[in-house]
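Scroll down for the structure; my scribbles are underneath it.
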Amino acid sequence: MYQVNPKRQEVKLYWKNSQNEILKSIRNLKYETESGNKKLLFAMNGGMFEADNTPKGLYIENFKILKPIDTLQGSGNFYLQPNGIFYLTQNNQPGISETKKYKQNPSIKFATQSGPMLLIDGKINNIFQKDSKNLNIRNGVGVLDNGEIIFAMSKKEVNFYSLAQLFKEMGCKKALYLDGFVSRTYLPEKSWIQTDGNFGVIIGVTESK
């Protein structure tokens, strides 16, 4: 787990580098941030993506909508209901909204869509079963009432219910699943350094060198 205060540390969503090439891996993100004189403190893949590494569903970066919201029905985890959107505003206020309740406004600086929602108003999504055998490496994001963000990734295979319960125990009212076995985390302060990956969106926390 990694807990961050976005008003004190820089939390951003990344997709492409300064040459407009898709980053894909945490290694490439690290190179990109370091070339901008920033130190990468934490990184994690930030939601699902298409075969060509474009974000699946809504993606906003620096106030620009680069991929539109996806309100379709479909198969796979992304379409398990309700799905949701993790976002950061201009004032670095984080939020998680169910897709159907999301309202676009110009103050949203970053956003990524994924699914399913893990927690809804403090309750575990009722589509999950405690004893489900649907096990996988999983990661997700939750928001605390004090405006801090919790990122979590399992080191072993877990079901959706267990991941949701973790965010609930941490005090989150809302939490969103990001992805499964493809997930990677870079967190050197906890000796967890995975720099590979082949993603769309990556979430990064940096500080100035």
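Residue numbers start at 1 in each chain; chains themselves are named A, B, ... in the order of the structure tokens; ligands are numbered from 1 in the order shown.
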Give me every strand (DSSP E or B) residue in region 11-190 of chain A, going by DSSP on the backbone, as a ChimeraX atom specification. /A:11-14,16,22,38-45,49,55,59-61,64-67,84-89,94-98,108-114,117-120,123-124,136,139-143,149-153,158,174-179,185-187
I'd like the neighbourhood of Asp196 (chain A) as a ChimeraX atom specification, where a residue qualifies if any of its atoms comes within 9 Å (using only C-alpha atoms), though same-chain residues fewer than 3 positions away should be ignored. /A:24-28,184
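Closest approach to Gln90 (chain A) among A:Leu135, A:Val11, A:Ile150, A:Leu66 is made by A:Val11 (distances from only C-alpha atoms).
Minimum atom-to-atom distance to Lys30 (chain A), evaluated using only C-alpha atoms, belongs to A:Tyr14 out of A:Asp131, A:Ala175, A:Tyr14, A:Met1.
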Could you give me, as CSV, a per-residue list for region 65-92 of chain A showing, wherever an atom lies at most 6 Å from an atom of region 104-112 of chain A, the closest pair of atoms and their distance in Å to one decimal, using only C-alpha atoms and sorting by chain then residue number from low to high?
```
residue,atom,partner,partner_atom,distance
A:Ile85,CA,A:Thr112,CA,5.6
A:Phe86,CA,A:Thr112,CA,5.5
A:Tyr87,CA,A:Ala111,CA,4.1
A:Leu88,CA,A:Phe110,CA,5.2
A:Thr89,CA,A:Ile108,CA,4.3
A:Gln90,CA,A:Ser107,CA,5.3
```
Got time to write the residues from that selection, C-alpha atoms, as a CSV table (one decimal), in the first residue's frame?
```
chain,number,residue,atom,x,y,z
A,85,ILE,CA,-13.7,7.1,-12.6
A,86,PHE,CA,-10.8,8.1,-10.4
A,87,TYR,CA,-9.9,11.8,-10.9
A,88,LEU,CA,-7.9,14.8,-9.5
A,89,THR,CA,-9.1,18.3,-9.7
A,90,GLN,CA,-7.2,21.5,-10.4
```
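Each of A:Leu41, A:Ile22, A:Ile202, A:Met48 was checked against Lys190 (chain A) using only C-alpha atoms; the smallest atom-to-atom distance is that of A:Leu41.
Using only C-alpha atoms, the shortest contact distance between Val182 (chain A) and any of A:Lys130, A:Gly46, A:Ile120, A:Leu80 is found at A:Gly46.
Closest approach to Lys39 (chain A) from the set A:Ala164, A:Met153, A:Leu187, A:Val201 is made by A:Leu187, with distances taken over only C-alpha atoms.
Residue nearest Lys38 (chain A) within the list A:Ser208, A:Thr99, A:Ser183, A:Ser132: A:Ser208 [criterion: smallest interatomic distance, only C-alpha atoms].
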Show which residues sit within 7 Å of Met117 (chain A), as number ranges by chain. Count only C-alpha atoms, and ignore same-chain residues fewer than 2 positions away. A: 82-84, 115, 119-120, 125, 175-177
Preceding selection exported with N, CA and C atoms as a JSON list (two decimals), in the first residue's frame:
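That gives us out-v3.json:
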```json
[["chain", "number", "residue", "atom", "x", "y", "z"],
["A", 82, "PRO", "N", -21.19, -1.29, -10.59],
["A", 82, "PRO", "CA", -20.93, -0.12, -11.43],
["A", 82, "PRO", "C", -19.43, 0.03, -11.69],
["A", 83, "ASN", "N", -19.08, 0.55, -12.86],
["A", 83, "ASN", "CA", -17.68, 0.91, -13.03],
["A", 83, "ASN", "C", -17.52, 2.38, -12.64],
["A", 84, "GLY", "N", -16.29, 2.88, -12.66],
["A", 84, "GLY", "CA", -16.10, 4.21, -12.08],
["A", 84, "GLY", "C", -14.92, 4.96, -12.65],
["A", 115, "GLY", "N", -13.04, -0.40, -13.85],
["A", 115, "GLY", "CA", -14.16, -1.08, -13.22],
["A", 115, "GLY", "C", -13.79, -2.49, -12.83],
["A", 119, "LEU", "N", -15.63, -0.20, -3.58],
["A", 119, "LEU", "CA", -16.44, 0.33, -2.48],
["A", 119, "LEU", "C", -17.35, 1.42, -3.00],
["A", 120, "ILE", "N", -18.59, 1.41, -2.54],
["A", 120, "ILE", "CA", -19.56, 2.44, -2.90],
["A", 120, "ILE", "C", -20.16, 2.95, -1.59],
["A", 125, "ASN", "N", -18.96, -3.57, -2.88],
["A", 125, "ASN", "CA", -19.82, -3.82, -4.05],
["A", 125, "ASN", "C", -20.53, -5.16, -3.88],
["A", 175, "ALA", "N", -13.70, 3.17, -3.52],
["A", 175, "ALA", "CA", -12.47, 2.59, -4.06],
["A", 175, "ALA", "C", -12.79, 1.98, -5.42],
["A", 176, "LEU", "N", -11.78, 1.96, -6.28],
["A", 176, "LEU", "CA", -11.96, 1.52, -7.66],
["A", 176, "LEU", "C", -10.88, 0.51, -8.02],
["A", 177, "TYR", "N", -11.30, -0.58, -8.66],
["A", 177, "TYR", "CA", -10.37, -1.58, -9.18],
["A", 177, "TYR", "C", -9.65, -0.99, -10.39]]
```
Using DSSP assignments from the backbone, pull out every residue in region 84-184 of chain A that falls under alpha helix (DSSP H) and give it to me as a PyMOL selection string. chain A and resi 160-169
Selected residues written out with N, CA and C atoms, as an mmCIF file, in the first residue's frame:
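Just written: selection.cif:
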```cif
data_model
loop_
_atom_site.group_PDB
_atom_site.id
_atom_site.type_symbol
_atom_site.label_atom_id
_atom_site.label_comp_id
_atom_site.auth_asym_id
_atom_site.auth_seq_id
_atom_site.Cartn_x
_atom_site.Cartn_y
_atom_site.Cartn_z
ATOM 1 N N PHE A 160 -11.937 -10.129 -5.582
ATOM 2 C CA PHE A 160 -12.380 -8.735 -5.511
ATOM 3 C C PHE A 160 -12.801 -8.353 -4.087
ATOM 4 N N TYR A 161 -13.470 -9.267 -3.414
ATOM 5 C CA TYR A 161 -13.991 -8.973 -2.075
ATOM 6 C C TYR A 161 -12.853 -8.618 -1.111
ATOM 7 N N SER A 162 -11.770 -9.409 -1.160
ATOM 8 C CA SER A 162 -10.632 -9.166 -0.262
ATOM 9 C C SER A 162 -10.000 -7.805 -0.520
ATOM 10 N N LEU A 163 -9.864 -7.439 -1.805
ATOM 11 C CA LEU A 163 -9.278 -6.135 -2.131
ATOM 12 C C LEU A 163 -10.190 -5.011 -1.651
ATOM 13 N N ALA A 164 -11.491 -5.171 -1.863
ATOM 14 C CA ALA A 164 -12.449 -4.162 -1.405
ATOM 15 C C ALA A 164 -12.411 -4.024 0.121
ATOM 16 N N GLN A 165 -12.312 -5.169 0.803
ATOM 17 C CA GLN A 165 -12.285 -5.151 2.268
ATOM 18 C C GLN A 165 -11.058 -4.401 2.793
ATOM 19 N N LEU A 166 -9.932 -4.551 2.108
ATOM 20 C CA LEU A 166 -8.721 -3.830 2.501
ATOM 21 C C LEU A 166 -8.964 -2.321 2.488
ATOM 22 N N PHE A 167 -9.541 -1.825 1.401
ATOM 23 C CA PHE A 167 -9.803 -0.382 1.307
ATOM 24 C C PHE A 167 -10.809 0.062 2.372
ATOM 25 N N LYS A 168 -11.779 -0.783 2.665
ATOM 26 C CA LYS A 168 -12.767 -0.454 3.699
ATOM 27 C C LYS A 168 -12.097 -0.351 5.068
ATOM 28 N N GLU A 169 -11.232 -1.320 5.357
ATOM 29 C CA GLU A 169 -10.519 -1.315 6.645
ATOM 30 C C GLU A 169 -9.602 -0.107 6.780
#
```
